[in-house]
Amino acid sequence: MTRLTKCLALLLALGAAAPAQAQNTVSLSVAEARQVAVSALSQGQPQLTAQIATGLLQRNPSDAFAHFLLARAFQQLRQPRPGRHEAALAYRHATGKTGRYQASQLAATLAYESGQPSLAQLWLRRSWNHAPDDRARKLMQRDYRVLRALNPWSLNARLSITPSDNVNNGAEDPYAVIDGVPVVGLLSGDALALSGTKMTSELTLGYRFAQTDRSQTRLLGRLYLSRVALSNEARAQAPTARNSDFAYSEVELGLEHKIRLSKAKGNLTYDAKFGQSWYGGARYQTSYRFGIARSVPVGQTAQANLSAALKHAVPEGGRRKITDLDLRARMTRKLEGGGVLSYGLSLQTADSVYVNARRTRTTGFVAYALPQPIGPARVSLSIGGSLGTYPDYHVGTIRVPGEREDQTIFGSADFVFERLDYAGFVPSLKIQAQKTRSNVSRFETRELSVSLGVVSRF
């Protein structure tokens with residue numbers, strides 16, 4: 001027998017021996033100790049592995065492999081929490097890509113075994129940075145989807161920074177003209193288009209508190225923030241305007257119930273939400289929303305999504321209440337070449353005692369995601385238009401002849417740079433253009449914006 005084999009046999013015997021035999025010792029090199037510890041794990045002797053790993057850490061507290069061995073020993077001993085802690089230390093002290101990958105994978109497994117799926121998801125994202133190949137990444141995506149389904153908590157975040165030539169949706173022309181009315185007014189500087197940068201962030205938190213084989217019920221919370229930084233040109237155009245004048249915030253709390261009807265019939269979702277918003281630093285309105293949505297598979301490559309929502313908004317002060325009805329239909333189809341075609345139609349109507357809030361808007365769009373990247377980016381294109389009518393619109397004491405009518409066309413190009421990946425997050429770029437024509441010149445607007453953001457690959 002070789003010296004190492006003899007040492008292993010003796011150490012295994014010592015690991016199973018009584019404490020009275022603890023005086024028997026064997027001297028090993030660091031390499032030999034590591035090999036013995038690995039063999040002890042395969043022999044079902046985690047206590048011995050833990051003893052050896054502890055000895056190695058006394059010699060060198062930054063020994064990543066010793067931390068990894070100790071984590072594996074804790075795993076076999078069914079102690080996942082201290083094991084996850086040791087795996088995290090192994091990840092911290094590892095110097096190579098392989099060591100960090102193995103340690104982060106083990107940390108994710110132990111976090112899951114200790115009943116911490118959110119922490120397991122975080123470790124999978126860390127592991128993504130050190131994956132050896134695409135096959136390993138595909139397995140991680142699958143594991144992440146499983147964890148997402150098991151985790152009662154869900155968290156989604158979105159952040160974008162958008163330089164724009166019209167951050168306030170202001171008018172193109174300084175003259176206030178109403179078609180059919182022989183009166184011309186002059187708009188203030190802050191009613192005209194102001195250039196600058198718009199920053200938006202959205203955080204959605206969900207908690208699933210009830211679930212069966214066919215349904216689930218979740219509590220939802222949402223925080224939306226929109227802030228504006230005016231350019232020097234905008235400040236010169238509107239000297240009294242401040243960034244805070246255009247700040248918008250919204251908080252929403254709600255309840256969602258989803259039912260899986262069948263594979264052929266799709267899903268049915270109900271939701272009820274309460275919201276409070278602020279604009280320009282002051283309370284803006286309180287809202288109550290009730291919605292229903294249905295997703296239905298259409299053949300093997302398409303899906304239809306239908307939704308209806310009723311929203312009742314109460315502006316600050318309690319007057320001019322508005323009731324909105326929002327109907328939407330969308331079809332998404334995967335084409336033979338690999339591209340994805342989407343198209344949809346929506347109808348929004350609003351009723352109120354405040355005549356200027358009464359409106360109807362119809363919107364249609366077509367979008368296409370290219371099957372192959374263009375250079376470093378995956379590309380999606382969209383184009384659409386809308387028609388909005390306000391049957392009783394007034395400008396001061398003047399009633400707009402007929403009705404106010406807004407015609408809008410819009411288009412965008414989205415770029416997702418999947419090669420610039422960090423923890424499964426990739427940068428995105430969106431170029432968007434929009435133009436509105438109206439018989440009330442105050443609402444004739446145009447905007448060109450470029451949005452920078454970050455999206456998740458899974």
# chains A, B, ... in the order shown; residues from 1 in each chain; ligands from 1
>>> select_by_dssp(residues="range 135-357 of chain A", states="alpha helix (DSSP H)", output="JSON, numbers by chain")
{"A": [135, 136, 137, 138, 139, 140, 141, 142, 143, 144, 145, 146, 147, 148, 149, 150, 232, 233, 234, 235, 236, 237]}
>>> residues_around(residues="Tyr112 in chain A", least_positions_apart="6", cutoff="9 Å", atoms="only C-alpha atoms", output="MDAnalysis selection string")
chainID A and resid 80 118:121 147
>>> write_last_selection(atoms="N, CA, C and O atoms", output="mmCIF file, in the first residue's frame")
data_model
loop_
_atom_site.group_PDB
_atom_site.id
_atom_site.type_symbol
_atom_site.label_atom_id
_atom_site.label_comp_id
_atom_site.auth_asym_id
_atom_site.auth_seq_id
_atom_site.Cartn_x
_atom_site.Cartn_y
_atom_site.Cartn_z
ATOM 1 N N PRO A 80 -27.057 22.886 6.382
ATOM 2 C CA PRO A 80 -26.854 23.735 5.202
ATOM 3 C C PRO A 80 -26.497 25.186 5.510
ATOM 4 O O PRO A 80 -25.758 25.804 4.743
ATOM 5 N N SER A 118 -34.522 32.861 -2.237
ATOM 6 C CA SER A 118 -34.082 34.167 -2.759
ATOM 7 C C SER A 118 -32.565 34.253 -2.744
ATOM 8 O O SER A 118 -31.937 34.746 -3.700
ATOM 9 N N LEU A 119 -31.952 33.777 -1.665
ATOM 10 C CA LEU A 119 -30.503 33.773 -1.572
ATOM 11 C C LEU A 119 -29.907 32.807 -2.591
ATOM 12 O O LEU A 119 -28.851 33.073 -3.183
ATOM 13 N N ALA A 120 -30.585 31.684 -2.839
ATOM 14 C CA ALA A 120 -30.119 30.744 -3.858
ATOM 15 C C ALA A 120 -30.135 31.393 -5.239
ATOM 16 O O ALA A 120 -29.211 31.192 -6.043
ATOM 17 N N GLN A 121 -31.149 32.196 -5.515
ATOM 18 C CA GLN A 121 -31.208 32.897 -6.796
ATOM 19 C C GLN A 121 -30.056 33.884 -6.928
ATOM 20 O O GLN A 121 -29.454 34.017 -8.005
ATOM 21 N N LEU A 147 -36.344 27.830 -9.241
ATOM 22 C CA LEU A 147 -36.317 28.589 -7.989
ATOM 23 C C LEU A 147 -37.366 29.691 -7.981
ATOM 24 O O LEU A 147 -38.012 29.952 -6.970
#
>>> residues_around(residues="range 201-207 of chain A", least_positions_apart="3", cutoff="10 Å", atoms="only C-alpha atoms", output="PyMOL selection string")
chain A and resi 151-161+210+217-227+249-256+453
>>> residues_around(residues="Ser287 in chain A", least_positions_apart="5", cutoff="7 Å", atoms="only C-alpha atoms", output="compact mmCIF listing (two decimals) with C-alpha atoms, in the first residue's frame")
# COMPACT_ATOMS: atom_id res chain seq x y z
CA PHE A 274 -55.06 50.61 -4.64
CA GLY A 275 -52.73 53.44 -5.62
CA GLN A 276 -51.61 56.88 -4.52
CA LYS A 311 -59.98 52.21 -12.80
CA HIS A 312 -61.56 54.87 -10.63
CA ALA A 313 -59.34 57.87 -9.91
CA VAL A 314 -60.04 60.55 -7.33
>>> residues_around(residues="Tyr101 in chain A", least_positions_apart="5", cutoff="10 Å", atoms="only C-alpha atoms", output="ChimeraX atom specification")
/A:91,94,96,106-107,123-124,126-132
>>> write_last_selection(atoms="N, CA, C and O atoms", output="PDB file, in the first residue's frame")
ATOM      1  N   TYR A  91     -15.905  31.103  -2.008  1.00  0.00           N
ATOM      2  CA  TYR A  91     -16.068  31.988  -3.170  1.00  0.00           C
ATOM      3  C   TYR A  91     -15.228  33.255  -2.999  1.00  0.00           C
ATOM      4  O   TYR A  91     -14.573  33.712  -3.943  1.00  0.00           O
ATOM      5  N   ALA A  94     -11.450  32.297  -3.435  1.00  0.00           N
ATOM      6  CA  ALA A  94     -11.032  31.618  -4.666  1.00  0.00           C
ATOM      7  C   ALA A  94     -10.401  32.626  -5.622  1.00  0.00           C
ATOM      8  O   ALA A  94     -10.847  33.772  -5.740  1.00  0.00           O
ATOM      9  N   GLY A  96      -9.387  31.545  -8.972  1.00  0.00           N
ATOM     10  CA  GLY A  96      -9.644  31.136 -10.340  1.00  0.00           C
ATOM     11  C   GLY A  96     -11.116  31.080 -10.669  1.00  0.00           C
ATOM     12  O   GLY A  96     -11.978  31.012  -9.788  1.00  0.00           O
ATOM     13  N   LEU A 106     -22.240  25.620  -5.143  1.00  0.00           N
ATOM     14  CA  LEU A 106     -22.485  24.960  -3.860  1.00  0.00           C
ATOM     15  C   LEU A 106     -23.257  25.884  -2.919  1.00  0.00           C
ATOM     16  O   LEU A 106     -24.175  25.447  -2.210  1.00  0.00           O
ATOM     17  N   ALA A 107     -22.901  27.181  -2.909  1.00  0.00           N
ATOM     18  CA  ALA A 107     -23.611  28.136  -2.056  1.00  0.00           C
ATOM     19  C   ALA A 107     -25.085  28.226  -2.447  1.00  0.00           C
ATOM     20  O   ALA A 107     -25.968  28.315  -1.584  1.00  0.00           O
ATOM     21  N   TRP A 123     -27.105  33.609  -5.541  1.00  0.00           N
ATOM     22  CA  TRP A 123     -25.869  32.864  -5.775  1.00  0.00           C
ATOM     23  C   TRP A 123     -25.819  32.304  -7.189  1.00  0.00           C
ATOM     24  O   TRP A 123     -24.732  32.202  -7.781  1.00  0.00           O
ATOM     25  N   LEU A 124     -26.946  31.949  -7.761  1.00  0.00           N
ATOM     26  CA  LEU A 124     -26.944  31.512  -9.158  1.00  0.00           C
ATOM     27  C   LEU A 124     -26.511  32.644 -10.079  1.00  0.00           C
ATOM     28  O   LEU A 124     -25.790  32.423 -11.063  1.00  0.00           O
ATOM     29  N   ARG A 126     -24.494  35.074  -9.262  1.00  0.00           N
ATOM     30  CA  ARG A 126     -23.045  35.191  -9.090  1.00  0.00           C
ATOM     31  C   ARG A 126     -22.323  34.097  -9.863  1.00  0.00           C
ATOM     32  O   ARG A 126     -21.276  34.325 -10.481  1.00  0.00           O
ATOM     33  N   SER A 127     -22.887  32.905  -9.838  1.00  0.00           N
ATOM     34  CA  SER A 127     -22.284  31.778 -10.532  1.00  0.00           C
ATOM     35  C   SER A 127     -22.250  32.001 -12.039  1.00  0.00           C
ATOM     36  O   SER A 127     -21.349  31.525 -12.735  1.00  0.00           O
ATOM     37  N   TRP A 128     -23.234  32.718 -12.562  1.00  0.00           N
ATOM     38  CA  TRP A 128     -23.328  32.970 -13.992  1.00  0.00           C
ATOM     39  C   TRP A 128     -22.048  33.599 -14.542  1.00  0.00           C
ATOM     40  O   TRP A 128     -21.619  33.296 -15.663  1.00  0.00           O
ATOM     41  N   ASN A 129     -21.434  34.478 -13.760  1.00  0.00           N
ATOM     42  CA  ASN A 129     -20.230  35.179 -14.229  1.00  0.00           C
ATOM     43  C   ASN A 129     -19.055  34.248 -14.459  1.00  0.00           C
ATOM     44  O   ASN A 129     -18.112  34.607 -15.172  1.00  0.00           O
ATOM     45  N   HIS A 130     -19.078  33.064 -13.838  1.00  0.00           N
ATOM     46  CA  HIS A 130     -17.922  32.172 -13.885  1.00  0.00           C
ATOM     47  C   HIS A 130     -18.233  30.839 -14.576  1.00  0.00           C
ATOM     48  O   HIS A 130     -17.441  29.909 -14.496  1.00  0.00           O
ATOM     49  N   ALA A 131     -19.390  30.783 -15.258  1.00  0.00           N
ATOM     50  CA  ALA A 131     -19.781  29.530 -15.921  1.00  0.00           C
ATOM     51  C   ALA A 131     -18.759  29.159 -16.995  1.00  0.00           C
ATOM     52  O   ALA A 131     -18.290  30.022 -17.746  1.00  0.00           O
ATOM     53  N   PRO A 132     -18.413  27.876 -17.102  1.00  0.00           N
ATOM     54  CA  PRO A 132     -17.370  27.474 -18.056  1.00  0.00           C
ATOM     55  C   PRO A 132     -17.828  27.481 -19.506  1.00  0.00           C
ATOM     56  O   PRO A 132     -17.009  27.634 -20.403  1.00  0.00           O
TER      57      PRO A 132
END
>>> residues_around(residues="Ala50 in chain A", least_positions_apart="3", cutoff="10 Å", atoms="only C-alpha atoms", output="number ranges by chain")
A: 37, 40-41, 45-47, 53-56, 66-67, 69-74, 77
>>> select_by_dssp(residues="range 224-337 of chain A", states="strand (DSSP E or B)", output="PyMOL selection string")
chain A and resi 224-230+248-262+266-279+282-298+302-315+322-334
>>> closest_residue(among="A:Leu345, A:Leu429, A:Ala136, A:Leu448", to="Leu194 in chain A", atoms="only C-alpha atoms")
A:Leu448
>>> atom_distance(atom1="CA of Thr397 in chain A", atom2="CA of Ala350 in chain A")
21.8 Å
>>> closest_residue(among="A:Val416, A:Ile322, A:Leu187, A:Val38", to="Ala369 in chain A", atoms="only C-alpha atoms")
A:Val416
>>> atom_distance(atom1="CA of Glu418 in chain A", atom2="CA of Val340 in chain A")
17.5 Å
>>> closest_residue(among="A:Gln51, A:Ser352, A:Ser62, A:Gln407", to="His93 in chain A", atoms="only C-alpha atoms")
A:Ser62
>>> atom_distance(atom1="CA of Pro163 in chain A", atom2="CA of Gly388 in chain A")
26.4 Å
>>> closest_atom_pairs(of="range 134-194 of chain A", to="range 241-246 of chain A", cutoff="12 Å", atoms="only C-alpha atoms", output="JSON lines")
{"residue": "A:Asn166", "atom": "CA", "partner": "A:Phe246", "partner_atom": "CA", "distance": 11.9}
{"residue": "A:Val167", "atom": "CA", "partner": "A:Phe246", "partner_atom": "CA", "distance": 8.6}
{"residue": "A:Asn168", "atom": "CA", "partner": "A:Phe246", "partner_atom": "CA", "distance": 7.1}
{"residue": "A:Asn169", "atom": "CA", "partner": "A:Phe246", "partner_atom": "CA", "distance": 10.5}
{"residue": "A:Gly170", "atom": "CA", "partner": "A:Phe246", "partner_atom": "CA", "distance": 11.7}
{"residue": "A:Ser188", "atom": "CA", "partner": "A:Ala241", "partner_atom": "CA", "distance": 10.7}
{"residue": "A:Gly189", "atom": "CA", "partner": "A:Ala241", "partner_atom": "CA", "distance": 8.7}
{"residue": "A:Asp190", "atom": "CA", "partner": "A:Ala241", "partner_atom": "CA", "distance": 6.5}
{"residue": "A:Ala191", "atom": "CA", "partner": "A:Ala241", "partner_atom": "CA", "distance": 10.1}
{"residue": "A:Leu192", "atom": "CA", "partner": "A:Ala241", "partner_atom": "CA", "distance": 11.5}
{"residue": "A:Leu194", "atom": "CA", "partner": "A:Ala241", "partner_atom": "CA", "distance": 9.9}
>>> write_last_selection(atoms="N, CA and C atoms", output="short mmCIF file (atom, residue, chain, number, x, y, z; two decimals), in the first residue's frame")
data_model
loop_
_atom_site.label_atom_id
_atom_site.label_comp_id
_atom_site.auth_asym_id
_atom_site.auth_seq_id
_atom_site.Cartn_x
_atom_site.Cartn_y
_atom_site.Cartn_z
N ASN A 166 -38.01 66.43 -25.18
CA ASN A 166 -39.34 66.85 -24.70
C ASN A 166 -39.68 66.06 -23.44
N VAL A 167 -39.09 66.42 -22.32
CA VAL A 167 -39.31 65.66 -21.08
C VAL A 167 -40.65 65.98 -20.43
N ASN A 168 -41.30 67.05 -20.84
CA ASN A 168 -42.56 67.48 -20.21
C ASN A 168 -43.76 67.31 -21.13
N ASN A 169 -43.59 66.66 -22.29
CA ASN A 169 -44.67 66.50 -23.26
C ASN A 169 -45.25 67.87 -23.64
N GLY A 170 -44.34 68.80 -23.88
CA GLY A 170 -44.75 70.16 -24.21
C GLY A 170 -45.03 70.36 -25.68
N SER A 188 -46.84 79.72 -22.52
CA SER A 188 -45.71 80.04 -21.64
C SER A 188 -44.54 79.12 -21.95
N GLY A 189 -43.37 79.50 -21.49
CA GLY A 189 -42.16 78.72 -21.77
C GLY A 189 -42.23 77.30 -21.25
N ASP A 190 -42.84 77.10 -20.07
CA ASP A 190 -42.89 75.75 -19.51
C ASP A 190 -43.97 74.89 -20.14
N ALA A 191 -44.84 75.48 -20.99
CA ALA A 191 -45.83 74.69 -21.73
C ALA A 191 -45.27 74.18 -23.05
N LEU A 192 -44.09 74.72 -23.45
CA LEU A 192 -43.43 74.26 -24.66
C LEU A 192 -42.50 73.10 -24.32
N LEU A 194 -39.53 71.01 -23.40
CA LEU A 194 -38.30 71.28 -22.66
C LEU A 194 -37.36 70.09 -22.80
#
>>> closest_residue(among="A:Tyr175, A:Phe290, A:Tyr248, A:Tyr368", to="Met199 in chain A", atoms="only C-alpha atoms")
A:Tyr248
